[in-house]
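Pasted below: model.csv, CSV, C-alpha atoms.
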```csv
chain,number,residue,atom,x,y,z
V,1,MET,CA,39.3,3.0,111.1
V,2,ALA,CA,36.5,5.3,112.3
V,3,ASP,CA,37.5,5.7,115.9
V,4,LYS,CA,36.4,9.2,116.6
V,5,PRO,CA,34.0,9.2,119.6
V,6,MET,CA,31.2,10.8,117.5
V,7,ALA,CA,31.5,8.1,114.8
V,8,ILE,CA,31.5,5.4,117.5
V,9,ALA,CA,28.4,7.0,119.1
V,10,LYS,CA,26.5,7.0,115.8
V,11,THR,CA,27.4,3.4,115.0
V,12,GLN,CA,26.6,2.1,118.4
V,13,LEU,CA,23.5,4.1,119.1
V,14,PHE,CA,21.8,3.7,115.7
V,15,THR,CA,23.3,2.0,112.7
V,16,GLU,CA,24.8,-1.0,114.6
V,17,ASN,CA,22.7,-0.8,117.7
V,18,GLN,CA,23.5,-3.9,119.8
V,19,VAL,CA,20.0,-4.9,120.6
V,20,LEU,CA,18.2,-4.1,117.3
V,21,ARG,CA,21.0,-4.8,114.8
V,22,GLN,CA,23.2,-7.4,116.5
V,23,ILE,CA,20.3,-8.9,118.4
V,24,LEU,CA,22.4,-9.1,121.5
V,25,GLY,CA,21.3,-8.6,125.1
V,26,ILE,CA,17.8,-9.8,124.3
V,27,CYS,CA,17.2,-11.7,127.5
V,28,SER,CA,17.4,-8.8,129.9
V,29,SER,CA,15.6,-6.6,127.3
V,30,LEU,CA,12.6,-8.9,127.7
V,31,ALA,CA,12.9,-9.1,131.4
V,32,VAL,CA,13.3,-5.7,132.8
V,33,THR,CA,11.5,-3.5,130.3
V,34,ASN,CA,8.1,-3.4,132.1
V,35,SER,CA,9.2,-0.4,134.1
V,36,MET,CA,11.2,2.6,133.0
V,37,ASN,CA,12.9,3.0,136.3
V,38,ASN,CA,14.4,-0.5,136.2
V,39,SER,CA,15.3,-0.1,132.5
V,40,LEU,CA,17.2,3.0,133.2
V,41,VAL,CA,19.2,1.6,136.1
V,42,MET,CA,19.8,-1.6,134.2
V,43,GLY,CA,21.0,0.3,131.1
V,44,LEU,CA,23.2,2.6,133.1
V,45,GLY,CA,24.6,-0.3,135.0
V,46,LEU,CA,25.4,-2.1,131.7
V,47,SER,CA,26.9,1.0,130.2
V,48,PHE,CA,29.2,1.4,133.1
V,49,VAL,CA,30.3,-2.2,133.0
V,50,THR,CA,30.8,-2.3,129.2
V,51,ALA,CA,32.7,1.0,129.2
V,52,LEU,CA,35.0,0.0,132.0
V,53,SER,CA,35.5,-3.6,131.1
V,54,SER,CA,36.4,-2.5,127.5
V,55,LEU,CA,38.8,0.1,128.9
V,56,THR,CA,40.5,-2.4,131.2
V,57,LEU,CA,40.6,-5.2,128.7
V,58,SER,CA,42.0,-3.0,126.0
V,59,ALA,CA,44.6,-1.6,128.3
V,60,MET,CA,45.7,-5.1,129.0
V,61,ARG,CA,45.3,-6.4,125.5
V,62,GLU,CA,49.1,-6.7,124.9
V,63,ILE,CA,49.7,-8.9,127.9
V,64,ILE,CA,46.6,-11.1,128.0
V,65,PRO,CA,47.6,-14.6,126.8
V,66,HIS,CA,45.5,-15.2,123.7
V,67,ARG,CA,44.2,-18.7,124.7
V,68,VAL,CA,42.8,-17.6,128.0
V,69,ARG,CA,41.4,-14.2,126.8
V,70,MET,CA,37.8,-15.2,127.3
V,71,LEU,CA,38.5,-16.3,130.9
V,72,VAL,CA,40.1,-12.9,131.5
V,73,GLN,CA,37.2,-11.1,129.9
V,74,THR,CA,34.7,-12.9,132.1
V,75,LEU,CA,36.7,-12.3,135.2
V,76,VAL,CA,37.0,-8.5,134.5
V,77,ILE,CA,33.3,-8.2,133.6
V,78,ALA,CA,32.3,-10.1,136.7
V,79,VAL,CA,34.3,-7.8,138.9
V,80,TYR,CA,32.6,-4.7,137.6
V,81,VAL,CA,29.2,-6.3,137.7
V,82,ILE,CA,29.6,-7.3,141.4
V,83,PHE,CA,30.7,-3.7,142.0
V,84,VAL,CA,27.5,-2.4,140.4
V,85,ASP,CA,25.4,-4.9,142.5
V,86,LEU,CA,27.1,-3.8,145.7
V,87,PHE,CA,26.7,-0.2,144.8
V,88,LEU,CA,22.9,-0.7,144.2
V,89,GLN,CA,22.5,-2.6,147.4
V,90,ALA,CA,24.3,0.2,149.3
V,91,PHE,CA,22.7,3.3,147.8
V,92,LEU,CA,19.6,2.3,145.8
V,93,PRO,CA,18.1,-0.6,147.9
V,94,ASP,CA,14.6,-0.4,146.4
V,95,ILE,CA,15.9,-0.7,142.8
V,96,SER,CA,18.3,-3.4,143.8
V,97,LYS,CA,15.4,-5.3,145.2
V,98,GLN,CA,13.3,-4.9,142.1
V,99,LEU,CA,16.1,-5.8,139.7
V,100,GLY,CA,17.0,-8.8,141.8
V,101,PRO,CA,18.9,-11.4,139.9
V,102,TYR,CA,19.1,-9.4,136.7
V,103,VAL,CA,22.0,-7.3,137.9
V,104,GLY,CA,24.1,-10.4,138.4
V,105,LEU,CA,23.0,-11.5,135.0
V,106,ILE,CA,24.7,-8.5,133.4
V,107,ILE,CA,27.8,-10.7,133.5
V,108,THR,CA,26.3,-12.9,130.9
V,109,ASN,CA,25.0,-10.1,128.7
V,110,CYS,CA,26.4,-10.8,125.3
V,111,ILE,CA,26.9,-7.1,124.5
V,112,ILE,CA,29.8,-6.8,127.0
V,113,MET,CA,31.7,-9.8,125.8
V,114,GLY,CA,30.8,-9.0,122.2
V,115,ARG,CA,32.4,-5.6,122.5
V,116,ALA,CA,35.4,-7.0,124.3
V,117,GLU,CA,35.9,-9.6,121.6
V,118,ALA,CA,35.0,-7.5,118.6
V,119,TYR,CA,36.6,-4.2,119.6
V,120,ALA,CA,38.5,-3.9,122.8
V,121,GLN,CA,41.1,-6.6,122.1
V,122,LYS,CA,42.2,-4.9,118.9
V,123,ASN,CA,41.9,-1.2,119.7
V,124,PRO,CA,43.5,1.3,122.1
V,125,PRO,CA,41.8,1.9,125.5
V,126,ILE,CA,40.1,5.3,125.0
V,127,PRO,CA,38.2,4.4,121.8
V,128,ALA,CA,37.4,1.0,123.4
V,129,MET,CA,35.9,2.8,126.4
V,130,PHE,CA,33.8,5.0,124.1
V,131,ASP,CA,32.8,2.0,122.1
V,132,GLY,CA,31.6,0.1,125.2
V,133,LEU,CA,29.9,3.2,126.7
V,134,PHE,CA,27.9,3.9,123.5
V,135,ALA,CA,27.1,0.2,123.0
V,136,GLY,CA,25.6,0.3,126.5
V,137,LEU,CA,23.8,3.6,125.9
V,138,GLY,CA,22.4,2.2,122.7
V,139,TYR,CA,21.0,-0.7,124.8
V,140,THR,CA,19.7,1.7,127.3
V,141,GLY,CA,17.9,3.7,124.6
V,142,VAL,CA,16.2,0.6,123.3
V,143,LEU,CA,15.2,-0.5,126.8
V,144,LEU,CA,13.7,2.9,127.5
V,145,ILE,CA,11.7,2.9,124.3
V,146,VAL,CA,10.3,-0.6,124.9
V,147,ALA,CA,9.7,0.2,128.6
V,148,LEU,CA,7.8,3.4,127.7
V,149,ILE,CA,5.4,1.5,125.6
V,150,ARG,CA,5.0,-1.4,128.1
V,151,GLU,CA,4.7,0.8,131.2
V,152,VAL,CA,2.2,3.1,129.7
V,153,LEU,CA,0.0,0.4,128.4
V,154,GLY,CA,0.6,-2.1,131.2
V,155,PHE,CA,0.6,0.0,134.3
V,156,GLY,CA,-0.7,3.4,133.0
V,157,THR,CA,2.4,5.1,134.5
V,158,ILE,CA,5.7,6.7,133.3
V,159,PHE,CA,8.6,6.3,135.7
V,160,GLY,CA,6.0,5.2,138.3
V,161,ILE,CA,3.9,8.4,137.9
V,162,ASN,CA,0.3,7.9,137.0
V,163,VAL,CA,-0.5,9.2,133.5
V,164,ASN,CA,-3.7,7.1,133.1
V,165,VAL,CA,-6.1,10.1,133.3
V,166,ILE,CA,-8.8,8.6,131.1
V,167,GLY,CA,-9.2,5.4,133.2
V,168,PHE,CA,-7.8,3.2,130.4
V,169,GLN,CA,-8.0,-0.5,131.2
V,170,THR,CA,-4.3,-1.5,131.4
V,171,TRP,CA,-3.2,-4.6,129.5
V,172,THR,CA,-1.7,-7.4,131.6
V,173,ILE,CA,0.1,-8.8,128.5
V,174,MET,CA,2.2,-5.7,128.3
V,175,ILE,CA,3.7,-6.5,131.7
V,176,MET,CA,4.7,-10.0,130.8
V,177,PRO,CA,7.8,-10.9,128.7
V,178,PRO,CA,5.9,-11.7,125.5
V,179,ALA,CA,5.0,-8.0,125.1
V,180,ALA,CA,8.7,-7.2,124.8
V,181,PHE,CA,9.0,-9.9,122.0
V,182,PHE,CA,6.7,-8.1,119.7
V,183,ILE,CA,7.7,-4.6,120.5
V,184,ILE,CA,11.4,-5.4,120.1
V,185,GLY,CA,10.5,-7.4,117.0
V,186,SER,CA,8.7,-4.4,115.5
V,187,LEU,CA,11.7,-2.2,116.2
V,188,ILE,CA,14.1,-4.6,114.7
V,189,TRP,CA,11.9,-4.8,111.6
V,190,ALA,CA,11.7,-1.0,111.3
V,191,LEU,CA,15.5,-0.5,111.6
V,192,SER,CA,16.3,-3.4,109.2
V,193,ALA,CA,13.8,-2.1,106.6
V,194,ARG,CA,15.4,1.3,106.9
V,195,ALA,CA,18.9,-0.1,106.5
V,196,GLN,CA,17.9,-2.2,103.5
V,197,LYS,CA,16.3,0.8,101.8
V,198,LYS,CA,19.4,2.8,102.4
V,199,ALA,CA,21.7,0.0,101.1
V,200,ALA,CA,19.5,-0.3,98.0
V,201,GLY,CA,19.5,3.4,97.5
V,202,GLY,CA,23.3,3.5,97.8
V,203,ALA,CA,23.8,0.8,95.2
V,204,LYS,CA,21.9,2.7,92.5
S,1,MET,CA,55.4,-12.1,122.1
S,2,LYS,CA,55.4,-15.8,122.7
S,3,LYS,CA,53.5,-16.6,125.9
S,4,GLY,CA,54.2,-20.0,127.5
S,5,HIS,CA,52.2,-22.0,130.0
S,6,ILE,CA,54.0,-20.5,133.0
S,7,TYR,CA,53.3,-17.0,131.8
S,8,THR,CA,49.6,-17.8,131.4
S,9,LEU,CA,49.4,-19.3,134.8
S,10,VAL,CA,51.2,-16.5,136.6
S,11,PHE,CA,49.1,-14.0,134.7
S,12,MET,CA,45.8,-15.5,135.8
S,13,VAL,CA,46.9,-15.9,139.4
S,14,VAL,CA,48.1,-12.3,139.6
S,15,LEU,CA,45.1,-10.9,137.8
S,16,SER,CA,42.7,-12.8,140.0
S,17,ALA,CA,44.5,-11.7,143.2
S,18,VAL,CA,44.4,-8.0,142.1
S,19,LEU,CA,40.7,-8.1,141.1
S,20,VAL,CA,39.6,-10.0,144.2
S,21,PHE,CA,41.5,-7.6,146.4
S,22,ALA,CA,39.8,-4.6,144.6
S,23,LEU,CA,36.3,-6.2,145.1
S,24,ALA,CA,37.0,-7.0,148.8
S,25,ALA,CA,37.9,-3.4,149.3
S,26,ALA,CA,34.7,-2.2,147.6
S,27,TYR,CA,32.7,-4.6,149.7
S,28,GLU,CA,34.2,-3.4,152.9
S,29,ALA,CA,33.6,0.2,151.9
S,30,PHE,CA,29.9,-0.4,151.2
S,31,LYS,CA,29.2,-2.8,154.0
S,32,PRO,CA,27.9,-0.3,156.6
S,33,ASN,CA,25.5,1.1,154.1
S,34,ILE,CA,24.2,-2.3,153.0
S,35,ALA,CA,23.8,-3.5,156.5
S,36,ALA,CA,21.9,-0.3,157.5
S,37,ASN,CA,19.6,-0.7,154.5
S,38,GLN,CA,18.8,-4.3,155.4
S,39,ARG,CA,18.2,-3.4,159.1
S,40,LEU,CA,15.9,-0.5,158.1
S,41,LYS,CA,14.0,-2.8,155.7
S,42,GLU,CA,13.5,-5.4,158.4
S,43,GLU,CA,12.5,-2.9,161.1
S,44,ARG,CA,10.0,-1.2,158.8
S,45,ALA,CA,8.6,-4.6,157.8
S,46,VAL,CA,8.0,-5.5,161.5
S,47,LEU,CA,6.4,-2.2,162.2
S,48,TYR,CA,4.2,-2.6,159.2
S,49,ALA,CA,3.0,-6.0,160.4
S,50,PHE,CA,1.7,-4.2,163.5
S,51,GLY,CA,0.3,-1.2,161.5
S,52,LEU,CA,2.8,1.1,163.2
S,53,ASP,CA,4.8,2.4,160.2
S,54,GLN,CA,2.3,5.0,158.8
S,55,GLY,CA,4.0,8.3,157.9
S,56,LEU,CA,7.3,7.3,159.4
S,57,GLU,CA,10.4,8.7,157.7
S,58,ASP,CA,13.4,6.4,157.3
S,59,ARG,CA,15.3,8.0,160.2
S,60,GLU,CA,12.2,7.6,162.6
S,61,VAL,CA,11.8,3.9,161.9
S,62,HIS,CA,14.7,2.9,164.1
S,63,ASP,CA,13.6,5.0,167.1
S,64,THR,CA,10.1,3.7,166.9
S,65,PHE,CA,11.3,0.2,166.5
S,66,THR,CA,13.6,0.3,169.6
S,67,ARG,CA,10.9,2.0,171.6
S,68,LEU,CA,8.0,-0.5,170.9
S,69,ILE,CA,9.5,-3.7,169.7
S,70,LYS,CA,11.4,-6.3,171.6
S,71,GLU,CA,12.7,-9.7,170.6
S,72,GLY,CA,10.9,-12.4,172.5
S,73,GLU,CA,9.4,-15.9,172.3
S,74,ALA,CA,5.9,-17.0,171.6
S,75,LYS,CA,4.6,-20.5,170.9
S,76,GLY,CA,8.2,-21.7,171.1
S,77,LYS,CA,9.3,-19.4,168.2
S,78,GLN,CA,11.6,-16.4,168.1
S,79,VAL,CA,9.2,-13.5,167.4
S,80,TYR,CA,9.1,-9.8,167.6
S,81,VAL,CA,6.9,-8.6,170.5
S,82,TYR,CA,5.1,-5.3,170.4
S,83,GLU,CA,4.9,-3.8,173.8
S,84,GLU,CA,3.4,-0.5,174.9
S,85,GLU,CA,3.6,0.7,178.5
S,86,GLY,CA,4.7,-2.7,179.7
S,87,GLN,CA,1.7,-4.4,178.1
S,88,VAL,CA,2.1,-6.9,175.2
S,89,LYS,CA,0.0,-5.8,172.3
S,90,GLY,CA,1.0,-8.3,169.7
S,91,TYR,CA,3.5,-10.7,168.1
S,92,ALA,CA,5.1,-10.8,164.7
S,93,PHE,CA,5.7,-14.3,163.6
S,94,PRO,CA,8.3,-14.9,160.9
S,95,PHE,CA,7.3,-17.2,158.0
S,96,GLU,CA,9.0,-18.8,155.1
S,97,GLY,CA,7.4,-20.6,152.2
S,98,ALA,CA,7.7,-21.4,148.5
S,99,ALA,CA,5.9,-19.2,146.0
S,100,LEU,CA,5.8,-19.5,142.2
S,101,TRP,CA,9.3,-18.5,141.4
S,102,GLY,CA,11.2,-18.6,144.6
S,103,GLY,CA,11.1,-18.3,148.3
S,104,LEU,CA,8.7,-16.1,150.1
S,105,SER,CA,9.3,-14.8,153.6
S,106,GLY,CA,8.0,-12.2,155.9
S,107,TYR,CA,6.0,-11.6,159.1
S,108,LEU,CA,2.5,-12.1,160.2
S,109,GLY,CA,1.4,-9.8,163.0
S,110,VAL,CA,-1.2,-11.1,165.5
S,111,THR,CA,-2.8,-9.6,168.6
S,112,ALA,CA,-1.5,-10.6,172.0
S,113,ASP,CA,-4.5,-13.0,172.5
S,114,LEU,CA,-3.9,-14.5,169.1
S,115,GLY,CA,-7.5,-13.7,168.2
S,116,GLN,CA,-6.8,-11.4,165.2
S,117,THR,CA,-4.2,-10.6,162.7
S,118,THR,CA,-2.7,-7.2,162.7
S,119,GLY,CA,-1.0,-7.3,159.4
S,120,LEU,CA,1.0,-9.3,156.8
S,121,VAL,CA,4.3,-8.2,155.3
S,122,PHE,CA,6.9,-9.7,152.9
S,123,THR,CA,10.6,-9.2,153.4
S,124,LYS,CA,11.6,-11.4,150.4
S,125,GLN,CA,9.7,-12.3,147.3
S,126,ASN,CA,10.8,-13.0,143.7
S,127,GLU,CA,7.4,-13.0,142.0
S,128,THR,CA,6.7,-11.6,138.5
S,129,PRO,CA,6.7,-7.8,138.7
S,130,GLY,CA,3.2,-6.5,137.9
S,131,LEU,CA,1.6,-9.9,138.5
S,132,GLY,CA,2.6,-12.0,141.5
S,133,GLY,CA,4.8,-9.2,142.5
S,134,ARG,CA,1.7,-7.3,143.4
S,135,ILE,CA,1.5,-9.1,146.7
S,136,ASP,CA,3.7,-6.3,147.8
S,137,GLU,CA,1.1,-3.7,146.9
S,138,THR,CA,-0.7,-2.0,149.7
S,139,TRP,CA,-4.2,-3.0,148.8
S,140,TYR,CA,-3.3,-6.6,148.9
S,141,LYS,CA,-1.4,-6.6,152.2
S,142,GLU,CA,-4.0,-4.3,153.9
S,143,GLN,CA,-6.6,-7.1,153.5
S,144,PHE,CA,-4.7,-9.1,156.1
S,145,ARG,CA,-5.3,-6.6,158.9
S,146,GLY,CA,-7.9,-7.6,161.5
S,147,LEU,CA,-8.8,-11.0,160.2
S,148,PRO,CA,-10.5,-13.0,163.0
S,149,LEU,CA,-8.6,-16.1,164.1
S,150,HIS,CA,-10.3,-19.1,165.7
S,151,GLN,CA,-9.0,-22.5,166.8
S,152,ASP,CA,-9.5,-24.0,163.3
S,153,THR,CA,-9.2,-20.9,161.0
S,154,THR,CA,-8.0,-21.6,157.5
S,155,LEU,CA,-7.9,-18.4,155.5
S,156,ARG,CA,-9.6,-18.6,152.1
S,157,TYR,CA,-10.1,-16.1,149.2
S,158,GLY,CA,-13.5,-14.8,148.5
S,159,GLN,CA,-16.4,-13.6,150.7
S,160,GLN,CA,-16.3,-15.5,154.0
S,161,ALA,CA,-18.6,-15.3,157.0
S,162,ASP,CA,-16.6,-12.6,158.8
S,163,TYR,CA,-14.0,-11.4,156.4
S,164,GLN,CA,-13.3,-11.0,152.7
S,165,LEU,CA,-10.0,-11.6,150.9
S,166,ASP,CA,-9.4,-10.8,147.2
S,167,THR,CA,-6.9,-12.8,145.1
S,168,ILE,CA,-4.7,-11.1,142.5
S,169,THR,CA,-6.0,-11.3,138.9
S,170,GLY,CA,-3.4,-13.1,136.7
S,171,ALA,CA,-1.4,-14.3,139.7
S,172,THR,CA,-3.4,-17.3,140.9
S,173,GLN,CA,-0.3,-19.4,141.8
S,174,THR,CA,1.3,-16.6,143.8
S,175,SER,CA,-1.9,-15.7,145.6
S,176,ALA,CA,-2.5,-19.4,146.5
S,177,ALA,CA,1.1,-19.7,147.7
S,178,VAL,CA,0.7,-16.7,150.1
S,179,LEU,CA,-2.4,-18.3,151.7
S,180,ARG,CA,-0.7,-21.7,151.8
S,181,THR,CA,2.2,-20.2,153.7
S,182,VAL,CA,0.1,-18.1,156.0
S,183,ASN,CA,-2.2,-21.0,156.8
S,184,GLN,CA,0.7,-23.3,157.5
S,185,LEU,CA,2.1,-20.8,160.0
S,186,LEU,CA,-1.4,-20.5,161.6
S,187,HIS,CA,-1.8,-24.2,161.9
S,188,ASP,CA,1.7,-25.3,162.8
S,189,VAL,CA,2.6,-22.4,165.1
S,190,ILE,CA,0.1,-19.7,166.0
S,191,LEU,CA,-3.0,-21.7,166.6
S,192,ALA,CA,-1.3,-25.0,167.4
S,193,GLN,CA,-2.4,-26.7,170.6
S,194,GLU,CA,0.3,-26.9,173.1
S,195,VAL,CA,1.5,-30.4,173.5
S,196,LYS,CA,2.2,-31.1,177.1
```

Please express the file's structure as structure tokens.
Amino acid sequence: MADKPMAIAKTQLFTENQVLRQILGICSSLAVTNSMNNSLVMGLGLSFVTALSSLTLSAMREIIPHRVRMLVQTLVIAVYVIFVDLFLQAFLPDISKQLGPYVGLIITNCIIMGRAEAYAQKNPPIPAMFDGLFAGLGYTGVLLIVALIREVLGFGTIFGINVNVIGFQTWTIMIMPPAAFFIIGSLIWALSARAQKKAAGGAK
Amino acid sequence: MKKGHIYTLVFMVVLSAVLVFALAAAYEAFKPNIAANQRLKEERAVLYAFGLDQGLEDREVHDTFTRLIKEGEAKGKQVYVYEEEGQVKGYAFPFEGAALWGGLSGYLGVTADLGQTTGLVFTKQNETPGLGGRIDETWYKEQFRGLPLHQDTTLRYGQQADYQLDTITGATQTSAAVLRTVNQLLHDVILAQEVK
């Protein structure tokens, strides 16, 4: 099994990116990607939760009764998410206010439970943690790319800093969730096309 | 390892207890910070409603607030009273309403004679970022400073006889909700005739 951190990183960041290849975590990708700030904090929050919940669940994998494993997963994930929420409220109140309900909704992000089910319950803690961490960072990367496109075209800013020097009329549609649909859709298409080409090339 | 019902039950109870304990500890640790942030936000909002928050650093907000603002009563409501040198300069009336996605609350500042608004501020809103969420932008809120109030004032968007209010493009529902809430406060509380 390819369990070296580098191999996990490559898989999770590119070839099996959770958002673009597994099509998981789409809900929040649509919702928070109209600003890069929010996307970054959301992505880091998710990476933290995925890494630590995978670590915890993997460490307990021998003692978790199989039939209640999903209950346990949700419980552990919820605890870390509430921790992130409290942390944001205490130290980053402005971002906490802007992200609002989306922080709590990290709990239901399919990526976390996906990694817990697909990887953490069968692998040792350290690789599981890396797997979770890089899955989260892969998600963060996609969010930032989408947010860059949306924020520049929708607000004329990058990380809230005005870059709209030519007086470009910003597009309201970019701020609304539909914009993320076609940006993410295009990215999924690009990555799939590349993967198919590679597969076809390898077969020859 | 074969795991029976009892094991499952005990496992869940123990795990829940451990995790809840950990969370409670984290909450206790963060509590002072969270409370301080909320108080700061509230105090800054009230100062904004009176136009007193310009250029104030976070640490100056609390001092200014305690110096100028008192809790009091006006029109039978709990309000914040702005007093300078023993003279009442204005009141900040709290309001709550429903906007497009969720609750909307904040303060409307008015002068002591209830003849003018001094400012509008929101302490809670869940409107679409970039659209309805723009009610939190300065240009929108600044429009609500110095609006003349008469016995039968109902605020409207557009060019009016003695003021002008602009709505937010692409956020018609939220813009309307703000005026609905503010007008309700005006009619039911601030400009309401005293019933003897």

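Atom to atom, CA of Phe93 in chain S and CA of Tyr140 in chain S stand 18.9 Å apart.
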
Return as a PyMOL selection string the residues belonging to chain V that are within 9 Å of chain S, counting only C-alpha atoms.
chain V and resi 34+62-68+71-72+75-76+79-80+82-83+86-87+89-91+93+97-98+100+154-155+172+175-176

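Considering only C-alpha atoms, the residue among V:Ile106, V:Leu52, V:Leu187, V:Ile161 positioned nearest to Arg21 in chain V is V:Leu187.
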
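Every protein, DNA or RNA residue with an atom at most 10 Å from Gln116 in chain S, where only C-alpha atoms count and chain neighbours fewer than 2 positions away do not, is listed here: Gly90, Gly109, Val110, Thr111, Ala112, Asp113, Leu114, Thr118, Gly119, Phe144, Arg145, Gly146, Leu147, Pro148, Leu149 and His150 of chain S.
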
Would you please work out which residue, of S:Arg134, S:Lys141, S:Arg180, S:Arg67, is nearest to Ala99 in chain S when using all atoms listed in the file?
S:Arg180

Pairwise distance, CA of Gly158 in chain S with CA of Leu100 in chain S, equals 20.8 Å

Missing atoms of range 34-47 of chain S rebuilt to N, CA and C atoms, written as a tab-separated table (two decimals), in the coordinates of the input:
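Saved file result_6.tsv follows:
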```
chain	number	residue	atom	x	y	z
S	34	ILE	N	25.08	-1.18	153.32
S	34	ILE	CA	24.20	-2.30	153.00
S	34	ILE	C	23.57	-2.87	154.22
S	35	ALA	N	24.35	-2.99	155.30
S	35	ALA	CA	23.80	-3.50	156.50
S	35	ALA	C	22.70	-2.59	157.07
S	36	ALA	N	22.93	-1.29	157.00
S	36	ALA	CA	21.90	-0.30	157.50
S	36	ALA	C	20.66	-0.42	156.68
S	37	ASN	N	20.79	-0.57	155.37
S	37	ASN	CA	19.60	-0.70	154.50
S	37	ASN	C	18.80	-1.93	154.87
S	38	GLN	N	19.52	-3.04	155.12
S	38	GLN	CA	18.80	-4.30	155.40
S	38	GLN	C	18.10	-4.18	156.77
S	39	ARG	N	18.77	-3.56	157.75
S	39	ARG	CA	18.20	-3.40	159.10
S	39	ARG	C	16.92	-2.55	158.98
S	40	LEU	N	17.05	-1.46	158.22
S	40	LEU	CA	15.90	-0.50	158.10
S	40	LEU	C	14.73	-1.26	157.44
S	41	LYS	N	15.02	-2.07	156.42
S	41	LYS	CA	14.00	-2.80	155.70
S	41	LYS	C	13.25	-3.75	156.67
S	42	GLU	N	14.05	-4.46	157.47
S	42	GLU	CA	13.50	-5.40	158.40
S	42	GLU	C	12.66	-4.73	159.47
S	43	GLU	N	13.19	-3.63	160.00
S	43	GLU	CA	12.50	-2.90	161.10
S	43	GLU	C	11.17	-2.33	160.55
S	44	ARG	N	11.25	-1.78	159.34
S	44	ARG	CA	10.00	-1.20	158.80
S	44	ARG	C	8.99	-2.30	158.52
S	45	ALA	N	9.46	-3.46	158.10
S	45	ALA	CA	8.60	-4.60	157.80
S	45	ALA	C	7.83	-4.98	159.12
S	46	VAL	N	8.58	-5.11	160.21
S	46	VAL	CA	8.00	-5.50	161.50
S	46	VAL	C	6.95	-4.49	161.94
S	47	LEU	N	7.32	-3.22	161.83
S	47	LEU	CA	6.40	-2.20	162.20
S	47	LEU	C	5.13	-2.22	161.36
```
